[in-house]
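See below for the structure under consideration.
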Amino acid sequence: MTGAGPGCLPLGNESDISSMAGHLLKVATKHLPSRYVASRIFIPSVAYHKERIGNREVVGFGLNGEPSYIDRTDFPMPAIRFKENSQEIITLREKEKDDWRKLTMDEKKALYRASFCQTFAEMKAPTGEWKSVLAGTLVAMSLTIWIYVWMKKFVYQPMPESFSPERKAAQFQRMIDLRINPIEGLTSNYDYENNRWKD
Amino acid sequence: MFRNAMLSGFSSVRNVKNLFFPSLANIKQGRVSAVCIRSMSKHSSETEEEFDARYEAYFNRSDIDGWDVRKAMNDLQGMDLVPEPKIISAALKACRRVNDYALAVRFLEAVKDKCGNRVKEIYPYIIQEVRPILDELGVNTPEEMGYDKPELYLESVYDIH
C-alpha cells in the first residue's frame, strides 16, 4: 500500500486527531475485513475500493480513476475486470498466454464474459420502453376524457335555453335580417330577392 | 512554493531564485505552462499522418502493458474519428503482447460503434484491411463470435424494485 489517498483524513471530532490519523493508516494497511470499517470512520479511498471489488483484477484507469466497472459505449475499457478471478478463469488465462487459435469458441466467450458484462450489442439493444411510455400517455389521455364526461354530467350547470336548436335558428335568421357582413361575409352569400341562399 | 519551482523545469540556478522569490518567477519568465505548449484554440497542428503514426508507435511499444493499451483505446474512443486500420492492427498486436483476448474483441466492437450510421460502408473495409492480423493472431470478429446480436439479457437497475 502506498498510503492514504488525497483528502481522506478523518474529520476532527476526536480529541487527538494526529493519533487517530496514524491509527487509521495502520488499520487500512492491514486490510481489515469490512465489519471493522464502520461507516463513521473514513479510511483511505484505495482501501475502501479494494474491499468492495473483492478479487477482481484492476486493469486500467477507468472513467474517473476509481476501480469500478461500467459498460459504456463511449468508454469501452473499464478499470476492473467484470468477474472475480476464480479457478476456471485463472486456468483460462494461462491458456490465453498461448496461441489464441487453440482456444475454442466457448473459451473465447468465457474470456470475454470474464472481463466484460455486456457486449456492445447488448448495451445498445432497444429496450422497448417506448411502448410502455406510449401506453401510459394514452391511458392518461383517456382518463382525462372520462373525467370531462363526468364533469359535464354531474358538475356543470345545464346550458342556457338560448343554445337550443330552435333558438339558434332564430338568432341566425336575425343575423340574415340585419345584413351581417354583407360584402364578404355571412349575408354576402344570401340572395335577398329570392329569400334563399346563393348557390 | 516548491511545487512552483518543480513545475517550471528550468535550470537549477533559476530554481533556487524561484524558491526565494516566487512572486518574481511568474512575472519575469512570463510562462503559461511548463512542459507542453498549449495554444488557445483546440486545433492542433498535427496532420492526420502524424496522428496515425503517433498512435501506431504507441501501440507498437514492445514493453506496453494493459493499462496503457486501455488508456489509448479509451482515448481513441473519445475522439471524433474512426481509427485507421494500421492503428487497429497495432492495437490488436498490443493486445496479443499483454495476453488479453477479450480486450481485442472489445476493441473491434468499439471501432464498429465509432462508425456511427455509416457502419455498412466503413466496417467491412476495416475488417478487410485487418483480416491478415486477425488470422495471424487468431482473433475472431464480434460477428464470428455471435456478439453482433445480443446474447444475454441484463435487467436494468431501474426496473428492479
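Here's how to read the names in the C-alpha cells: chain A, B, ... by the order shown, residue numbers from 1 in each chain, ligand numbers from 1 in the order shown.
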### Task
Find the residues of chain B in contact range of chain A, meaning any atom within 9 Å when counting only C-alpha atoms, and list them as number ranges by chain.
B: 66-71, 73-75, 77-78, 96-103, 105-107, 109-110, 113-114, 135-140, 145, 147-154
Could you dump the residues just selected with N, CA and C atoms as a compact mmCIF listing (two decimals), in the first residue's frame?
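Written file, out20.txt:
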```
# COMPACT_ATOMS: atom_id res chain seq x y z
N GLY B 66 -1.09 -3.56 -20.07
CA GLY B 66 -2.52 -3.49 -20.29
C GLY B 66 -3.11 -2.14 -19.96
N TRP B 67 -2.56 -1.51 -18.94
CA TRP B 67 -3.07 -0.21 -18.50
C TRP B 67 -2.96 0.81 -19.65
N ASP B 68 -1.77 0.87 -20.27
CA ASP B 68 -1.56 1.86 -21.33
C ASP B 68 -2.36 1.53 -22.58
N VAL B 69 -2.50 0.24 -22.87
CA VAL B 69 -3.31 -0.14 -24.02
C VAL B 69 -4.73 0.36 -23.84
N ARG B 70 -5.25 0.11 -22.64
CA ARG B 70 -6.63 0.53 -22.39
C ARG B 70 -6.77 2.04 -22.43
N LYS B 71 -5.75 2.73 -21.91
CA LYS B 71 -5.84 4.20 -21.92
C LYS B 71 -5.93 4.70 -23.37
N MET B 73 -6.89 3.10 -26.03
CA MET B 73 -8.14 2.71 -26.68
C MET B 73 -9.28 3.60 -26.22
N ASN B 74 -9.33 3.90 -24.93
CA ASN B 74 -10.39 4.77 -24.44
C ASN B 74 -10.25 6.17 -25.00
N ASP B 75 -9.01 6.64 -25.15
CA ASP B 75 -8.81 7.97 -25.74
C ASP B 75 -9.29 8.00 -27.18
N GLN B 77 -11.54 6.22 -28.46
CA GLN B 77 -13.00 6.14 -28.48
C GLN B 77 -13.61 7.51 -28.24
N GLY B 78 -12.91 8.35 -27.51
CA GLY B 78 -13.45 9.67 -27.22
C GLY B 78 -13.28 10.66 -28.35
N ARG B 96 -2.21 -8.80 -28.02
CA ARG B 96 -1.53 -10.11 -28.00
C ARG B 96 -0.35 -10.07 -27.03
N ARG B 97 0.38 -8.97 -27.03
CA ARG B 97 1.54 -8.88 -26.16
C ARG B 97 1.16 -8.87 -24.70
N VAL B 98 -0.01 -8.29 -24.37
CA VAL B 98 -0.43 -8.32 -22.97
C VAL B 98 -1.31 -9.51 -22.68
N ASN B 99 -1.45 -10.43 -23.65
CA ASN B 99 -2.18 -11.67 -23.43
C ASN B 99 -3.61 -11.42 -23.00
N ASP B 100 -4.32 -10.56 -23.74
CA ASP B 100 -5.71 -10.28 -23.37
C ASP B 100 -6.58 -10.41 -24.61
N TYR B 101 -7.23 -11.55 -24.74
CA TYR B 101 -8.06 -11.81 -25.93
C TYR B 101 -9.32 -10.96 -25.90
N ALA B 102 -9.94 -10.90 -24.69
CA ALA B 102 -11.21 -10.17 -24.60
C ALA B 102 -11.04 -8.71 -25.00
N LEU B 103 -9.87 -8.15 -24.67
CA LEU B 103 -9.62 -6.75 -24.99
C LEU B 103 -9.64 -6.53 -26.49
N VAL B 105 -11.30 -8.26 -28.81
CA VAL B 105 -12.66 -8.31 -29.34
C VAL B 105 -13.42 -7.05 -28.96
N ARG B 106 -13.21 -6.60 -27.70
CA ARG B 106 -13.90 -5.40 -27.25
C ARG B 106 -13.51 -4.20 -28.10
N PHE B 107 -12.20 -4.15 -28.46
CA PHE B 107 -11.74 -3.01 -29.27
C PHE B 107 -12.39 -3.03 -30.65
N GLU B 109 -15.32 -4.26 -31.37
CA GLU B 109 -16.70 -3.79 -31.17
C GLU B 109 -16.74 -2.28 -31.02
N ALA B 110 -15.75 -1.74 -30.30
CA ALA B 110 -15.72 -0.29 -30.08
C ALA B 110 -15.51 0.44 -31.40
N ASP B 113 -18.62 0.55 -33.31
CA ASP B 113 -19.53 1.56 -32.77
C ASP B 113 -19.16 2.95 -33.22
N LYS B 114 -17.85 3.21 -33.38
CA LYS B 114 -17.42 4.54 -33.80
C LYS B 114 -17.83 4.85 -35.21
N ASP B 135 -6.30 -13.17 -38.68
CA ASP B 135 -6.00 -14.57 -38.90
C ASP B 135 -4.71 -14.98 -38.21
N GLU B 136 -3.73 -14.06 -38.26
CA GLU B 136 -2.43 -14.41 -37.68
C GLU B 136 -2.54 -14.60 -36.17
N LEU B 137 -3.30 -13.71 -35.52
CA LEU B 137 -3.39 -13.79 -34.07
C LEU B 137 -4.47 -14.76 -33.60
N GLY B 138 -5.41 -15.09 -34.51
CA GLY B 138 -6.48 -15.96 -34.08
C GLY B 138 -7.60 -15.23 -33.36
N VAL B 139 -7.76 -13.93 -33.69
CA VAL B 139 -8.84 -13.16 -33.06
C VAL B 139 -10.08 -13.30 -33.93
N ASN B 140 -11.21 -13.61 -33.31
CA ASN B 140 -12.47 -13.64 -34.06
C ASN B 140 -13.12 -12.28 -34.01
N MET B 145 -18.11 -14.36 -33.35
CA MET B 145 -18.40 -14.87 -32.01
C MET B 145 -19.89 -14.83 -31.70
N TYR B 147 -21.52 -12.00 -31.32
CA TYR B 147 -21.78 -10.87 -30.47
C TYR B 147 -22.29 -9.66 -31.23
N ASP B 148 -22.67 -9.85 -32.51
CA ASP B 148 -23.27 -8.72 -33.20
C ASP B 148 -24.75 -8.61 -32.85
N LYS B 149 -25.31 -9.72 -32.29
CA LYS B 149 -26.67 -9.65 -31.76
C LYS B 149 -26.55 -9.85 -30.25
N PRO B 150 -27.51 -9.33 -29.49
CA PRO B 150 -27.42 -9.56 -28.05
C PRO B 150 -27.54 -11.03 -27.71
N GLU B 151 -26.74 -11.45 -26.76
CA GLU B 151 -26.76 -12.86 -26.38
C GLU B 151 -27.45 -13.05 -25.04
N LEU B 152 -27.06 -12.22 -24.07
CA LEU B 152 -27.63 -12.35 -22.73
C LEU B 152 -28.45 -11.11 -22.41
N TYR B 153 -29.36 -11.29 -21.48
CA TYR B 153 -30.21 -10.17 -21.07
C TYR B 153 -29.80 -9.72 -19.68
N LEU B 154 -29.75 -8.43 -19.52
CA LEU B 154 -29.41 -7.87 -18.21
C LEU B 154 -30.55 -6.96 -17.80
```
### Message
If we count only C-alpha atoms and set the cut-off at 6 Å, which residues sit around region 85-94 of chain B, ignoring sequence neighbours fewer than 2 positions away in its own chain? Please answer as a list in words.
### Response
Glu56, Phe59, Asn60, Arg96, Arg97, Ala104 and Ile126 of chain B
Residues just named, written with N, CA and C atoms as an mmCIF file, in the first residue's frame:
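So part-v2.cif came out as:
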```cif
data_model
loop_
_atom_site.group_PDB
_atom_site.id
_atom_site.type_symbol
_atom_site.label_atom_id
_atom_site.label_comp_id
_atom_site.auth_asym_id
_atom_site.auth_seq_id
_atom_site.Cartn_x
_atom_site.Cartn_y
_atom_site.Cartn_z
ATOM 1 N N GLU B 56 0.183 4.575 -33.769
ATOM 2 C CA GLU B 56 0.740 3.275 -34.145
ATOM 3 C C GLU B 56 2.012 3.010 -33.351
ATOM 4 N N PHE B 59 1.149 1.995 -29.762
ATOM 5 C CA PHE B 59 0.731 0.604 -29.578
ATOM 6 C C PHE B 59 1.865 -0.352 -29.871
ATOM 7 N N ASN B 60 2.804 0.067 -30.713
ATOM 8 C CA ASN B 60 3.863 -0.860 -31.087
ATOM 9 C C ASN B 60 4.978 -0.944 -30.071
ATOM 10 N N ARG B 96 -2.209 -8.801 -28.021
ATOM 11 C CA ARG B 96 -1.530 -10.108 -28.000
ATOM 12 C C ARG B 96 -0.349 -10.067 -27.033
ATOM 13 N N ARG B 97 0.379 -8.965 -27.030
ATOM 14 C CA ARG B 97 1.540 -8.877 -26.165
ATOM 15 C C ARG B 97 1.156 -8.869 -24.701
ATOM 16 N N ALA B 104 -9.079 -7.514 -27.249
ATOM 17 C CA ALA B 104 -9.038 -7.367 -28.705
ATOM 18 C C ALA B 104 -10.451 -7.340 -29.289
ATOM 19 N N ILE B 126 -12.722 -1.937 -42.874
ATOM 20 C CA ILE B 126 -11.749 -2.102 -41.786
ATOM 21 C C ILE B 126 -11.427 -3.567 -41.575
#
```
### Summary
CA of Ser68 (chain A) to CA of Ile53 (chain A) measures 7.6 Å
#### Entry: Exercise: region 167-180 of chain A partners within 12 Å, only C-alpha atoms, chain neighbours under 2 positions left out, as number ranges by chain
A: 160-165, 182-192, 195-197
Atoms kept (N, CA, C and O atoms) for selection, written as a PDB file, in the first residue's frame:
```
ATOM      1  N   PRO A 160     -77.740  27.434 -21.144  1.00  0.00           N
ATOM      2  CA  PRO A 160     -78.918  28.331 -21.202  1.00  0.00           C
ATOM      3  C   PRO A 160     -79.850  27.944 -22.359  1.00  0.00           C
ATOM      4  O   PRO A 160     -79.438  27.290 -23.313  1.00  0.00           O
ATOM      5  N   GLU A 161     -81.149  28.416 -22.266  1.00  0.00           N
ATOM      6  CA  GLU A 161     -82.089  27.999 -23.322  1.00  0.00           C
ATOM      7  C   GLU A 161     -81.716  28.552 -24.678  1.00  0.00           C
ATOM      8  O   GLU A 161     -82.108  28.014 -25.707  1.00  0.00           O
ATOM      9  N   SER A 162     -80.993  29.639 -24.706  1.00  0.00           N
ATOM     10  CA  SER A 162     -80.644  30.245 -25.989  1.00  0.00           C
ATOM     11  C   SER A 162     -79.733  29.344 -26.819  1.00  0.00           C
ATOM     12  O   SER A 162     -79.448  29.643 -27.961  1.00  0.00           O
ATOM     13  N   PHE A 163     -79.249  28.232 -26.253  1.00  0.00           N
ATOM     14  CA  PHE A 163     -78.405  27.313 -27.024  1.00  0.00           C
ATOM     15  C   PHE A 163     -79.229  26.201 -27.671  1.00  0.00           C
ATOM     16  O   PHE A 163     -78.677  25.360 -28.354  1.00  0.00           O
ATOM     17  N   SER A 164     -80.532  26.195 -27.486  1.00  0.00           N
ATOM     18  CA  SER A 164     -81.314  25.114 -28.092  1.00  0.00           C
ATOM     19  C   SER A 164     -81.381  25.331 -29.605  1.00  0.00           C
ATOM     20  O   SER A 164     -81.220  26.457 -30.087  1.00  0.00           O
ATOM     21  N   PRO A 165     -81.615  24.277 -30.401  1.00  0.00           N
ATOM     22  CA  PRO A 165     -81.581  24.439 -31.868  1.00  0.00           C
ATOM     23  C   PRO A 165     -82.578  25.472 -32.403  1.00  0.00           C
ATOM     24  O   PRO A 165     -82.264  26.227 -33.315  1.00  0.00           O
ATOM     25  N   PRO A 182     -72.296  41.981 -45.080  1.00  0.00           N
ATOM     26  CA  PRO A 182     -72.929  41.766 -46.385  1.00  0.00           C
ATOM     27  C   PRO A 182     -71.942  41.733 -47.547  1.00  0.00           C
ATOM     28  O   PRO A 182     -72.307  41.347 -48.647  1.00  0.00           O
ATOM     29  N   ILE A 183     -70.712  42.216 -47.366  1.00  0.00           N
ATOM     30  CA  ILE A 183     -69.833  42.374 -48.517  1.00  0.00           C
ATOM     31  C   ILE A 183     -69.046  41.099 -48.782  1.00  0.00           C
ATOM     32  O   ILE A 183     -69.039  40.563 -49.867  1.00  0.00           O
ATOM     33  N   GLU A 184     -68.360  40.606 -47.727  1.00  0.00           N
ATOM     34  CA  GLU A 184     -67.510  39.443 -47.971  1.00  0.00           C
ATOM     35  C   GLU A 184     -67.898  38.274 -47.058  1.00  0.00           C
ATOM     36  O   GLU A 184     -67.386  37.185 -47.222  1.00  0.00           O
ATOM     37  N   GLY A 185     -68.773  38.488 -46.075  1.00  0.00           N
ATOM     38  CA  GLY A 185     -69.014  37.519 -45.007  1.00  0.00           C
ATOM     39  C   GLY A 185     -70.314  36.782 -45.184  1.00  0.00           C
ATOM     40  O   GLY A 185     -70.659  36.318 -46.271  1.00  0.00           O
ATOM     41  N   LEU A 186     -71.056  36.727 -44.078  1.00  0.00           N
ATOM     42  CA  LEU A 186     -72.191  35.807 -43.998  1.00  0.00           C
ATOM     43  C   LEU A 186     -73.272  36.104 -45.041  1.00  0.00           C
ATOM     44  O   LEU A 186     -73.591  35.250 -45.865  1.00  0.00           O
ATOM     45  N   THR A 187     -73.845  37.329 -44.993  1.00  0.00           N
ATOM     46  CA  THR A 187     -75.004  37.576 -45.852  1.00  0.00           C
ATOM     47  C   THR A 187     -74.619  37.953 -47.264  1.00  0.00           C
ATOM     48  O   THR A 187     -75.507  38.163 -48.110  1.00  0.00           O
ATOM     49  N   SER A 188     -73.307  38.013 -47.576  1.00  0.00           N
ATOM     50  CA  SER A 188     -72.947  38.174 -48.985  1.00  0.00           C
ATOM     51  C   SER A 188     -73.320  36.923 -49.760  1.00  0.00           C
ATOM     52  O   SER A 188     -73.391  36.957 -50.991  1.00  0.00           O
ATOM     53  N   ASN A 189     -73.560  35.821 -49.058  1.00  0.00           N
ATOM     54  CA  ASN A 189     -73.942  34.587 -49.725  1.00  0.00           C
ATOM     55  C   ASN A 189     -75.460  34.400 -49.764  1.00  0.00           C
ATOM     56  O   ASN A 189     -75.931  33.336 -50.150  1.00  0.00           O
ATOM     57  N   TYR A 190     -76.206  35.407 -49.337  1.00  0.00           N
ATOM     58  CA  TYR A 190     -77.676  35.246 -49.266  1.00  0.00           C
ATOM     59  C   TYR A 190     -78.336  36.088 -50.369  1.00  0.00           C
ATOM     60  O   TYR A 190     -77.998  37.234 -50.579  1.00  0.00           O
ATOM     61  N   ASP A 191     -79.243  35.441 -51.032  1.00  0.00           N
ATOM     62  CA  ASP A 191     -79.961  36.097 -52.142  1.00  0.00           C
ATOM     63  C   ASP A 191     -81.245  36.702 -51.588  1.00  0.00           C
ATOM     64  O   ASP A 191     -82.193  35.972 -51.291  1.00  0.00           O
ATOM     65  N   TYR A 192     -81.265  38.060 -51.392  1.00  0.00           N
ATOM     66  CA  TYR A 192     -82.409  38.682 -50.731  1.00  0.00           C
ATOM     67  C   TYR A 192     -83.621  38.786 -51.659  1.00  0.00           C
ATOM     68  O   TYR A 192     -84.742  38.841 -51.204  1.00  0.00           O
ATOM     69  N   ASN A 195     -85.022  35.307 -51.366  1.00  0.00           N
ATOM     70  CA  ASN A 195     -85.110  34.790 -49.996  1.00  0.00           C
ATOM     71  C   ASN A 195     -84.551  33.391 -49.817  1.00  0.00           C
ATOM     72  O   ASN A 195     -85.172  32.501 -49.258  1.00  0.00           O
ATOM     73  N   ARG A 196     -83.405  33.207 -50.384  1.00  0.00           N
ATOM     74  CA  ARG A 196     -82.734  31.925 -50.177  1.00  0.00           C
ATOM     75  C   ARG A 196     -81.232  32.146 -50.311  1.00  0.00           C
ATOM     76  O   ARG A 196     -80.789  33.208 -50.713  1.00  0.00           O
ATOM     77  N   TRP A 197     -80.509  31.112 -50.011  1.00  0.00           N
ATOM     78  CA  TRP A 197     -79.043  31.234 -50.113  1.00  0.00           C
ATOM     79  C   TRP A 197     -78.602  31.117 -51.567  1.00  0.00           C
ATOM     80  O   TRP A 197     -79.213  30.448 -52.372  1.00  0.00           O
TER      81      TRP A 197
END
```
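Relative to CA of Glu88 (chain A), CA of Asp71 (chain A) is found at 23.5 Å.
In this structure, CA of Glu121 (chain B) sits 27.9 Å away from CA of His43 (chain B).
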### Task
Check the DSSP output for the backbone and give back, as a ChimeraX atom specification, the residues of region 49-141 of chain B in alpha helix (DSSP H).
/B:49-59,66-78,85-97,101-114,119-137
